[in-house]
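Trainee: Before I ask anything, here is the structure I am working with.
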Amino acid sequence: MKVLIRGAGVAGLTLAHELATRGAEVTVTEKRMEIAGNASWQAGGMLAPWCERESAEEAVLTLGRRAADWWNAALPGHVSRRGTLVLAPARDARELDRFGRRTSGFRQLGAGEIAALEPALQGRFGRGLYFAQEAHLDPRKAMLSLSDKLRGMGVRLEFGRGLAPASSEIEVDCAGIADRRPELRGVRGEMLMLRTDEVSLARPVRLLHPRIPVYVVPREQNLFMVGATMIECDADGPITVRSSMELLSAAYTLHPAFGEAELVETGVGVRPAFADNLPRVERDGGHIRINGLYRHGFLLAPAMARQAADLILGNPAAKEFALEAHR
């Protein structure tokens, strides 16, 4: 079967991999000239379904719990399975209790256990929550590696194009916020990239705050991704001063050495969301849409890709679930 996928974000690339693995002939077209620059490029890369359950529906946990396995099978060596550490300043200790009541899959840590996991944070926090089953990856490395792998599998990736080849039997729209349906809304996320050799973290750390919870995700070469705001708008202009100050303040609260870090990058991504903040796989004849991944792109894209591939290649058992469970 010949399948055309519009959009080379995380949804489009994961679907291309799922289809190519099952023997389909796949072409991916992308209006951008390269992988970089879309919302997926600005993502944190946290594969954290238990943490996300704090503010998301049970479906996010159900669909996301296998994401780390999918990414590890597709791109061996890219997934770091070191869990997630959730902390709060002493003045916001009630936020830690609230987070724990809304989640599962964690254990409570004291100051000594926090220091054992993250020596750089020794003496800074008295309590924390540790989600040992969670994982993370570097989204940029993953997308570049996945696109290279897809080419090696015979998938055509055509950048600077948005039109479908006439010979495709099925067309799949993975355009994200560019799909201007009225039921889709944009949720703006802003991030910073800091560099310092004075802090070392082995895993993502979520720092809770009543107004703007922030995560700090370690990357290679002494880089740390700090994100992310959730602003209800679809403006994709530069990061605001207010957001920059809040993200930097949170990083400084986690460790004062971030105050001397290099600010090497700022970024903005507009994430597509439906009213329930859950993704959908929808089919209308030979046209399929995957959209609404919200802030859960890398976490939920594998499950959406499996569902869409089942629809395309004719798995009737998955068809009803894909169409009904995410409307």
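Here's how to read the names in the structure tokens: chain A, B, ... by the order shown, residue numbers from 1 in each chain, ligand numbers from 1 in the order shown.
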Which residues of range 119-159 of chain A come within 8 Å of range 23-36 of chain A, and what is each one's closest atom pair and distance in Å (one decimal), counting only C-alpha atoms, sorted by chain and residue number, as a Markdown table?

Mentor:
| residue | atom | partner | partner_atom | distance |
| --- | --- | --- | --- | --- |
| A:Arg140 | CA | A:Ala36 | CA | 7.8 |
| A:Met143 | CA | A:Ile35 | CA | 7.4 |
| A:Leu144 | CA | A:Ile35 | CA | 7.2 |
| A:Gly154 | CA | A:Glu25 | CA | 7.8 |
| A:Val155 | CA | A:Val26 | CA | 5.2 |
| A:Arg156 | CA | A:Thr27 | CA | 4.6 |
| A:Leu157 | CA | A:Val28 | CA | 4.8 |
| A:Glu158 | CA | A:Thr29 | CA | 4.8 |
| A:Phe159 | CA | A:Glu30 | CA | 4.8 |

Trainee: List as a PyMOL selection string the protein and nucleic acid residues near Leu13 in chain A, meaning an atom at most 12 Å away when only C-alpha atoms are counted, but skip any in the same chain fewer than 6 places from it.

Mentor: chain A and resi 4-7+19-20+26-30+35+40+71+74+142-151+155-157+172-175+290+297-298+301-302+304-305

Trainee: Got time to write the residues from that selection, C-alpha atoms, as a short mmCIF file (atom, residue, chain, number, x, y, z; two decimals), in the first residue's frame?

Mentor:
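Just written: out01.cif:
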data_model
loop_
_atom_site.label_atom_id
_atom_site.label_comp_id
_atom_site.auth_asym_id
_atom_site.auth_seq_id
_atom_site.Cartn_x
_atom_site.Cartn_y
_atom_site.Cartn_z
CA LEU A 4 1.35 9.78 1.93
CA ILE A 5 1.97 11.50 5.28
CA ARG A 6 1.84 15.27 5.52
CA GLY A 7 4.01 16.58 8.34
CA LEU A 19 3.91 1.69 8.47
CA ALA A 20 7.31 1.01 6.91
CA VAL A 26 5.58 5.57 2.58
CA THR A 27 6.26 9.14 1.51
CA VAL A 28 6.47 11.99 4.05
CA THR A 29 6.11 15.57 2.82
CA GLU A 30 6.97 18.60 4.94
CA ILE A 35 13.31 18.75 10.51
CA SER A 40 8.42 18.63 18.29
CA TRP A 71 11.28 4.46 21.29
CA ALA A 74 12.94 2.02 17.21
CA ALA A 142 15.62 11.24 18.13
CA MET A 143 13.97 13.01 15.21
CA LEU A 144 17.17 13.27 13.22
CA SER A 145 18.05 9.64 13.88
CA LEU A 146 14.53 8.48 13.09
CA SER A 147 14.49 10.38 9.78
CA ASP A 148 17.84 8.81 8.85
CA LYS A 149 16.52 5.37 9.74
CA LEU A 150 13.37 5.94 7.70
CA ARG A 151 15.41 6.79 4.62
CA VAL A 155 10.74 5.95 3.12
CA ARG A 156 10.81 9.08 0.96
CA LEU A 157 11.15 12.31 2.96
CA VAL A 172 -2.56 11.08 6.45
CA ASP A 173 -2.56 14.60 7.83
CA CYS A 174 -0.10 15.04 10.70
CA ALA A 175 0.20 18.80 10.27
CA ILE A 290 -3.67 12.38 13.64
CA GLY A 297 3.89 14.46 21.60
CA PHE A 298 6.72 12.02 22.23
CA ALA A 301 2.81 9.55 19.26
CA PRO A 302 3.74 5.82 19.30
CA MET A 304 -1.38 7.08 17.86
CA ALA A 305 0.92 5.69 15.18
#

Trainee: Can you list, as JSON, numbers by chain, every protein, DNA or RNA residue that comes within 12 Å of range 136-139 of chain A when you count only C-alpha atoms, leaving out same-chain residues fewer than 6 positions away?

Mentor: {"A": [9, 10, 35, 36, 37, 38, 39, 40, 41, 42, 43, 44, 45, 46, 47, 48, 49, 67, 68, 69, 71, 72, 75, 76, 77, 78, 79, 80, 81, 82, 83, 84, 85, 145, 146, 202, 203, 204, 205, 216, 217, 218, 219, 220, 223, 224, 225, 297, 298, 299]}

Trainee: Measuring between only C-alpha atoms, which one of A:Gly123, A:Ala308, A:Ala115, A:Tyr215 shows the shortest distance to Glu52 in chain A?

Mentor: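 Result for the nearest residue to Glu52 in chain A: A:Tyr215.
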
Trainee: Go through range 23-70 of chain A residue by residue and, counting only C-alpha atoms, keep those with an atom at most 9 Å from range 102-110 of chain A; for each kept residue give the shortest atom pair and its distance in Å to one decimal, ordered by chain and increasing number, as a tab-separated table.

Mentor:
residue	atom	partner	partner_atom	distance
A:Trp50	CA	A:Thr103	CA	6.2
A:Cys51	CA	A:Thr103	CA	6.5
A:Glu52	CA	A:Thr103	CA	8.2
A:Arg53	CA	A:Thr103	CA	5.9
A:Glu54	CA	A:Arg102	CA	4.9
A:Ser55	CA	A:Arg102	CA	7.8

Trainee: With C-alpha atoms retained, export the selected residues as a compact mmCIF listing (two decimals), in the first residue's frame.

Mentor:
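File produced: result_39.txt:
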# COMPACT_ATOMS: atom_id res chain seq x y z
CA TRP A 50 2.63 8.84 35.61
CA CYS A 51 3.70 12.45 36.14
CA GLU A 52 1.47 13.66 33.32
CA ARG A 53 -1.50 11.96 34.96
CA GLU A 54 -1.42 14.75 37.57
CA SER A 55 -3.13 17.09 35.11

Trainee: Can you measure CA of Glu171 in chain A to CA of Arg289 in chain A for me? One decimal in Å is fine.

Mentor: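 For CA of Glu171 in chain A relative to CA of Arg289 in chain A, the distance reads 8.5 Å.
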
Trainee: Report, in Å with one decimal, the straight-line distance from CA of Pro279 in chain A to CA of Ile239 in chain A.

Mentor: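 CA of Ile239 in chain A lies at a distance of 25.9 Å from CA of Pro279 in chain A.
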
Trainee: I'd like to know which residues of range 79-137 of chain A are alpha helix (DSSP H) (by DSSP, run on the backbone); could you write them as a PyMOL selection string?

Mentor: chain A and resi 93-101+111-117

Trainee: Would you mind listing what lies within 10 Å of Leu263 in chain A as a list of chain:residue names, with only C-alpha atoms counted and same-chain residues fewer than 4 positions away left out?

Mentor: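 Near Leu263 in chain A, the qualifying residues are A:Leu192, A:Met193, A:Leu194, A:Arg195, A:Thr196, A:Leu223, A:Phe224, A:Leu248, A:Phe258, A:Gly259.
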
Trainee: With all heavy atoms retained, export the selected residues as a short mmCIF file (atom, residue, chain, number, x, y, z; two decimals), in the first residue's frame.

Mentor:
data_model
loop_
_atom_site.label_atom_id
_atom_site.label_comp_id
_atom_site.auth_asym_id
_atom_site.auth_seq_id
_atom_site.Cartn_x
_atom_site.Cartn_y
_atom_site.Cartn_z
N LEU A 192 13.83 27.36 27.35
CA LEU A 192 15.19 27.90 27.34
C LEU A 192 16.17 26.75 27.27
O LEU A 192 15.88 25.65 27.74
CB LEU A 192 15.48 28.70 28.61
CG LEU A 192 14.52 29.80 29.05
CD1 LEU A 192 14.93 30.31 30.43
CD2 LEU A 192 14.50 30.92 28.04
N MET A 193 17.34 27.00 26.71
CA MET A 193 18.43 26.05 26.76
C MET A 193 19.60 26.72 27.47
O MET A 193 20.07 27.78 27.03
CB MET A 193 18.84 25.60 25.36
CG MET A 193 19.61 24.29 25.35
SD MET A 193 18.54 22.86 25.61
CE MET A 193 17.73 22.74 24.02
N LEU A 194 20.03 26.11 28.57
CA LEU A 194 21.12 26.65 29.36
C LEU A 194 22.32 25.71 29.29
O LEU A 194 22.16 24.50 29.16
CB LEU A 194 20.70 26.82 30.83
CG LEU A 194 19.43 27.62 31.10
CD1 LEU A 194 19.15 27.66 32.60
CD2 LEU A 194 19.54 29.03 30.54
N ARG A 195 23.52 26.29 29.42
CA ARG A 195 24.72 25.47 29.48
C ARG A 195 25.53 25.84 30.71
O ARG A 195 25.83 27.01 30.95
CB ARG A 195 25.59 25.66 28.23
CG ARG A 195 26.91 24.84 28.31
CD ARG A 195 27.79 25.02 27.10
NE ARG A 195 27.30 24.27 25.95
CZ ARG A 195 26.91 24.82 24.81
NH1 ARG A 195 26.95 26.14 24.65
NH2 ARG A 195 26.49 24.07 23.81
N THR A 196 25.87 24.83 31.50
CA THR A 196 26.74 25.03 32.65
C THR A 196 27.41 23.71 33.00
O THR A 196 26.79 22.65 32.90
CB THR A 196 25.97 25.55 33.87
OG1 THR A 196 26.86 25.67 34.99
CG2 THR A 196 24.82 24.63 34.26
N LEU A 223 24.26 20.75 28.62
CA LEU A 223 23.06 21.51 28.28
C LEU A 223 21.88 21.06 29.14
O LEU A 223 21.77 19.88 29.51
CB LEU A 223 22.71 21.33 26.81
CG LEU A 223 23.58 22.05 25.79
CD1 LEU A 223 23.22 21.60 24.39
CD2 LEU A 223 23.44 23.57 25.92
N PHE A 224 21.00 22.02 29.42
CA PHE A 224 19.78 21.74 30.17
C PHE A 224 18.62 22.47 29.49
O PHE A 224 18.69 23.67 29.25
CB PHE A 224 19.89 22.22 31.62
CG PHE A 224 20.97 21.53 32.40
CD1 PHE A 224 22.28 21.98 32.35
CD2 PHE A 224 20.67 20.41 33.18
CE1 PHE A 224 23.28 21.34 33.07
CE2 PHE A 224 21.67 19.76 33.89
CZ PHE A 224 22.98 20.23 33.83
N LEU A 248 13.82 31.15 34.15
CA LEU A 248 15.15 31.33 34.74
C LEU A 248 15.08 31.32 36.26
O LEU A 248 15.96 30.77 36.93
CB LEU A 248 15.76 32.64 34.24
CG LEU A 248 16.20 32.65 32.77
CD1 LEU A 248 16.52 34.07 32.33
CD2 LEU A 248 17.39 31.73 32.56
N PHE A 258 22.75 27.78 38.21
CA PHE A 258 22.11 28.15 36.94
C PHE A 258 22.10 29.66 36.73
O PHE A 258 21.92 30.13 35.61
CB PHE A 258 20.68 27.60 36.88
CG PHE A 258 20.59 26.14 36.53
CD1 PHE A 258 20.04 25.23 37.41
CD2 PHE A 258 21.06 25.68 35.31
CE1 PHE A 258 19.95 23.88 37.09
CE2 PHE A 258 20.99 24.33 34.98
CZ PHE A 258 20.44 23.43 35.87
N GLY A 259 22.31 30.41 37.80
CA GLY A 259 22.40 31.86 37.66
C GLY A 259 23.61 32.30 36.85
O GLY A 259 23.61 33.41 36.30
#

Trainee: As a ChimeraX atom specification, please: every residue in range 13-262 of chain A that DSSP puts in strand (DSSP E or B).

Mentor: /A:25-30,46-47,80,84-87,107-110,127-131,135-136,156-159,170-173,185-195,205-207,214-218,223-227,231,262

Trainee: Give the answer as one residue: which of A:Ala273, A:Arg161, A:Arg280, A:Glu198 has the shortest atom-to-atom distance to Ala303 in chain A, using only C-alpha atoms?

Mentor: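 Closest candidate: A:Arg280.
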
Trainee: Give me, as a ChimeraX atom specification, all polymer residues having an atom no more than 8 Å from Phe274 in chain A, counting only C-alpha atoms and skipping those fewer than 6 positions away in the same chain.

Mentor: /A:183-185,292,294
